[in-house]
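*Asks:* Structure in structure tokens, see below.
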Protein chains: 2
Amino acid sequence: MAKTTVEQGAIDSVAHLIAQLRQKLVESVERELAPLGLTHAQFVVVAQLANGMAGTPVEFCRLLNYDSGAMTRLLDRIEEKGVIRRVRSSKDRRSVGLELTDKGRALYPSIVPLILGVNKRLLRGFSKSESQLLDQFLRRMLANET
Amino acid sequence: MAKTTVEQGAIDSVAHLIAQLRQKLVESVERELAPLGLTHAQFVVVAQLANGMAGTPVEFCRLLNYDSGAMTRLLDRIEEKGVIRRVRSSKDRRSVGLELTDKGRALYPSIVPLILGVNKRLLRGFSKSESQLLDQFLRRMLANET
DNA sequence: GTACAATTACTGCCCAGGCAGTATAATTGC
DNA sequence: GCAATTATACTGCCTGGGCAGTAATTGTAC
């Protein structure tokens with residue numbers, strides 16, 4: 001049996017709402033990306049690589065707050081799909097450069113609108129000022145020590 | 001190497017903020033629960049069981065929107081720690097009843113204040129009306145189709 | 001220059017979760 | 001009453017993460 005229908009009980013904390021939202025978002029992104037053969041986690045790396053936000057495993061770990069071992073294996077899976085490539089650096093021979101393959105570059109443009117769509121639908125019904133207020137609220141919670 | 005420091009790049013969408021918040025919350029709860037020997041996922045089951053929100057694996061799957069196989073294994077781990085117990089039902093012999101053990105019942109009261117603390121600190125600096133507005137925003141996003 | 005420390009990527013081991021398929025038991029249709 | 005369907009819990013196999021420890025390389029102190 002796969003997942004059953006959603007319900008909800010008494011745990012109505014903000015924390016729980018956030019957890020539910022995150023799950024919903026991941027599911028949506030996975031659904032959109034499935035035809036392209038990418039998972040949510042894999043998409044994030046590909047997108048950041050395409051945007052030049054990071055170029056080595058350790059940079060991705062810092063950018064995405066990831067464990068180093070988890071990143072190694074995530075990159076393994078993306079590389080195995082032929083979307084990225086590892087290139088050992090000649091300057092610092094500890095370091096590994098990451099590049100999109102031709103396949104990866106071809107894939108990226110079709111990903112962007114899908115992701116923008118998910119974010120847009122998430123905020124459906126929100127006015128501009130409401131979105132801005134929500135953004136502030138989220139940032140304030142992120143800044144709090146928990 | 002374990003996780004490195006946090007930073008953030010260009011993905012500033014609400015979706016990404018929600019993902020970051022969720023990660024932060026899970027880490028906080030794990031940190032609080034570690035001395036008690038429970039993980040975040042395990043705590044959720046124990047708490048809902050203590051509150052009588054669910055009593056069988058399939059009920060927990062519905063309550064927490066979980067896959068059935070994942071739930072079986074999660075329950076395995078909690079049972080192995082001696083916190084819960086499986087009792088085969090005599091009425092419906094497919095069904096498995098779940099109960100807190102003495103150890104589980106003893107554990108629960110010390111969990112509650114830890115979790116309330118995390119939620120309280122998350123909302124530090126929020127006025128009552130701000131918290132309510134935030135709650136509405138989150139529920140509205142949850143209700144949107146994505 | 002050579003010990004020592006830090007950095008990088010990786011591995012093993014664990015927990016967490018989804019999907020597909022299975023055996024058993026209960027329910028439904030007829 | 002019995003065949004077909006549904007429900008329940010489970011298993012195998014996969015991706016995704018964290019933690020600890022390691023080998024290789026680089027940087028630093030002296």
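Going by the structure tokens order, chains are called A, B, ..., each with residues numbered from 1, while ligands are numbered from 1 in the order shown.
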Taking only C-alpha atoms (C1' of nucleotides) into account, what are the residues of chain B at most 8 Å from chain C, put as an MDAnalysis selection string?
*Replies:* chainID B and resid 41 67 70 92:94
*Asks:* Select from chain B every residue with an atom at most 8 Å from any atom of chain D, then for each give the shortest pair of atoms and their distance in Å to one decimal, using only C-alpha atoms (C1' of nucleotides), rows by chain and rising number, as a Markdown table.
*Replies:*
| residue | atom | partner | partner_atom | distance |
| --- | --- | --- | --- | --- |
| B:Met1 | CA | D:DA20 | C1' | 7.8 |
| B:Ala2 | CA | D:DC19 | C1' | 6.5 |
| B:Pro57 | CA | D:DA9 | C1' | 7.8 |
| B:Val58 | CA | D:DT8 | C1' | 7.3 |
| B:Ser68 | CA | D:DA9 | C1' | 7.9 |
| B:Gly69 | CA | D:DC10 | C1' | 7.1 |
| B:Thr72 | CA | D:DC10 | C1' | 7.2 |
| B:Arg94 | CA | D:DT8 | C1' | 5.1 |
| B:Ser95 | CA | D:DT8 | C1' | 5.8 |
| B:Val96 | CA | D:DA9 | C1' | 7.8 |
*Asks:* Could you pull the residues within 12 Å of Leu107 (chain B), counting only C-alpha atoms (C1' of nucleotides), minus those fewer than 6 positions along the same chain, as a PyMOL selection string?
*Replies:* chain B and resi 33+35-38+43+46-47+50+81-84+100-101+113-114
*Asks:* Would you mind exporting the chosen residues as a short mmCIF file (atom, residue, chain, number, x, y, z; two decimals), in the first residue's frame, restricted to N, CA and C atoms?
*Replies:*
data_model
loop_
_atom_site.label_atom_id
_atom_site.label_comp_id
_atom_site.auth_asym_id
_atom_site.auth_seq_id
_atom_site.Cartn_x
_atom_site.Cartn_y
_atom_site.Cartn_z
N LEU B 33 15.52 16.27 22.18
CA LEU B 33 15.11 14.91 22.50
C LEU B 33 16.27 13.94 22.64
N PRO B 35 18.83 13.58 24.57
CA PRO B 35 19.12 12.98 25.88
C PRO B 35 18.10 11.91 26.27
N LEU B 36 16.90 11.98 25.72
CA LEU B 36 15.88 10.99 26.05
C LEU B 36 15.95 9.78 25.13
N GLY B 37 16.79 9.83 24.14
CA GLY B 37 16.96 8.70 23.24
C GLY B 37 15.91 8.59 22.17
N LEU B 38 15.20 9.70 21.90
CA LEU B 38 14.18 9.68 20.86
C LEU B 38 14.56 10.62 19.72
N PHE B 43 9.39 10.75 18.26
CA PHE B 43 8.64 11.56 19.21
C PHE B 43 7.21 11.81 18.72
N VAL B 46 5.07 8.83 19.44
CA VAL B 46 4.85 8.66 20.88
C VAL B 46 3.85 9.69 21.40
N ALA B 47 4.01 10.94 20.95
CA ALA B 47 3.12 12.01 21.42
C ALA B 47 1.68 11.74 20.99
N ALA B 50 0.26 8.88 22.98
CA ALA B 50 -0.06 9.29 24.35
C ALA B 50 -1.34 10.11 24.40
N LYS B 81 13.24 0.20 21.25
CA LYS B 81 13.72 1.01 22.37
C LYS B 81 12.88 0.78 23.63
N GLY B 82 11.84 -0.06 23.51
CA GLY B 82 11.03 -0.38 24.67
C GLY B 82 10.05 0.69 25.07
N VAL B 83 9.73 1.59 24.13
CA VAL B 83 8.83 2.70 24.45
C VAL B 83 7.38 2.37 24.11
N ILE B 84 7.18 1.58 23.05
CA ILE B 84 5.82 1.15 22.71
C ILE B 84 5.79 -0.37 22.60
N LEU B 100 1.71 2.44 24.77
CA LEU B 100 2.92 2.87 25.45
C LEU B 100 3.29 1.83 26.50
N THR B 101 4.55 1.51 26.63
CA THR B 101 5.00 0.68 27.75
C THR B 101 5.11 1.58 28.99
N PRO B 113 7.22 19.58 27.77
CA PRO B 113 7.75 20.95 27.89
C PRO B 113 8.87 21.25 26.89
N LEU B 114 9.64 20.24 26.52
CA LEU B 114 10.70 20.47 25.53
C LEU B 114 10.10 20.94 24.21
#
*Asks:* Please return as a ChimeraX atom specification: the residues of region 24-69 of chain A that backbone DSSP assigns to helix (DSSP H, G or I).
*Replies:* /A:24-36,40-50,57-64,68-69
*Asks:* Please return as an MDAnalysis selection string: the residues of chain B that backbone DSSP assigns to strand (DSSP E or B).
*Replies:* chainID B and resid 84:88 96:100
*Asks:* Mind pulling up the distance from CA of Glu145 (chain A) to CA of Gly117 (chain B)?
*Replies:*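 Separation between CA of Gly117 (chain B) and CA of Glu145 (chain A): 11.0 Å.
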*Asks:* Smallest atom-to-atom distance to chain A: which of B:Lys128, B:Glu79, B:Ala54, B:Glu99, using only C-alpha atoms?
*Replies:*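 Among B:Lys128, B:Glu79, B:Ala54, B:Glu99, it is B:Ala54 that comes nearest to chain A.
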*Asks:* Name the residues in contact with Met141 (chain A) at a cut-off of 9 Å, using only C-alpha atoms (C1' of nucleotides), excluding same-chain residues fewer than 4 positions from it; report them as a list in words.
*Replies:*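 The filter keeps Gln136, Phe137, Glu145 and Thr146 of chain A; Leu21, Arg121, Leu122, Leu123, Arg124, Gly125 and Phe126 of chain B.
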*Asks:* Deliver the residues from the most recent selection as a file, using N, CA, C and O atoms, as a PDB file, in the first residue's frame.
*Replies:*
ATOM      1  N   GLN A 136       8.280  38.248   5.563  1.00  0.00           N
ATOM      2  CA  GLN A 136       8.889  38.796   6.784  1.00  0.00           C
ATOM      3  C   GLN A 136       8.713  37.847   7.966  1.00  0.00           C
ATOM      4  O   GLN A 136       9.661  37.607   8.728  1.00  0.00           O
ATOM      5  N   PHE A 137       7.510  37.328   8.112  1.00  0.00           N
ATOM      6  CA  PHE A 137       7.243  36.407   9.220  1.00  0.00           C
ATOM      7  C   PHE A 137       8.191  35.214   9.167  1.00  0.00           C
ATOM      8  O   PHE A 137       8.776  34.818  10.168  1.00  0.00           O
ATOM      9  N   GLU A 145      16.321  31.991  17.673  1.00  0.00           N
ATOM     10  CA  GLU A 145      17.005  30.793  18.174  1.00  0.00           C
ATOM     11  C   GLU A 145      15.952  29.816  18.683  1.00  0.00           C
ATOM     12  O   GLU A 145      15.096  30.192  19.471  1.00  0.00           O
ATOM     13  N   THR A 146      16.010  28.620  18.236  1.00  0.00           N
ATOM     14  CA  THR A 146      15.049  27.630  18.735  1.00  0.00           C
ATOM     15  C   THR A 146      15.783  26.479  19.404  1.00  0.00           C
ATOM     16  O   THR A 146      15.172  25.500  19.759  1.00  0.00           O
TER      17      THR A 146
ATOM     18  N   LEU B  21      13.014  26.544   7.364  1.00  0.00           N
ATOM     19  CA  LEU B  21      12.390  26.557   8.682  1.00  0.00           C
ATOM     20  C   LEU B  21      12.137  25.149   9.190  1.00  0.00           C
ATOM     21  O   LEU B  21      12.388  24.837  10.361  1.00  0.00           O
ATOM     22  N   ARG B 121       9.803  29.346  21.272  1.00  0.00           N
ATOM     23  CA  ARG B 121      10.967  30.108  20.822  1.00  0.00           C
ATOM     24  C   ARG B 121      10.860  30.441  19.339  1.00  0.00           C
ATOM     25  O   ARG B 121      11.357  31.474  18.887  1.00  0.00           O
ATOM     26  N   LEU B 122      10.206  29.569  18.586  1.00  0.00           N
ATOM     27  CA  LEU B 122      10.017  29.844  17.154  1.00  0.00           C
ATOM     28  C   LEU B 122       9.267  31.147  16.953  1.00  0.00           C
ATOM     29  O   LEU B 122       9.557  31.909  16.025  1.00  0.00           O
ATOM     30  N   LEU B 123       8.305  31.404  17.822  1.00  0.00           N
ATOM     31  CA  LEU B 123       7.434  32.578  17.672  1.00  0.00           C
ATOM     32  C   LEU B 123       7.864  33.735  18.569  1.00  0.00           C
ATOM     33  O   LEU B 123       7.094  34.677  18.780  1.00  0.00           O
ATOM     34  N   ARG B 124       9.075  33.696  19.062  1.00  0.00           N
ATOM     35  CA  ARG B 124       9.555  34.788  19.902  1.00  0.00           C
ATOM     36  C   ARG B 124       9.512  36.100  19.111  1.00  0.00           C
ATOM     37  O   ARG B 124       9.922  36.158  17.952  1.00  0.00           O
ATOM     38  N   GLY B 125       9.001  37.130  19.738  1.00  0.00           N
ATOM     39  CA  GLY B 125       8.929  38.427  19.089  1.00  0.00           C
ATOM     40  C   GLY B 125       7.652  38.640  18.297  1.00  0.00           C
ATOM     41  O   GLY B 125       7.450  39.714  17.737  1.00  0.00           O
ATOM     42  N   PHE B 126       6.801  37.605  18.213  1.00  0.00           N
ATOM     43  CA  PHE B 126       5.533  37.759  17.499  1.00  0.00           C
ATOM     44  C   PHE B 126       4.431  38.170  18.479  1.00  0.00           C
ATOM     45  O   PHE B 126       4.269  37.550  19.535  1.00  0.00           O
TER      46      PHE B 126
END
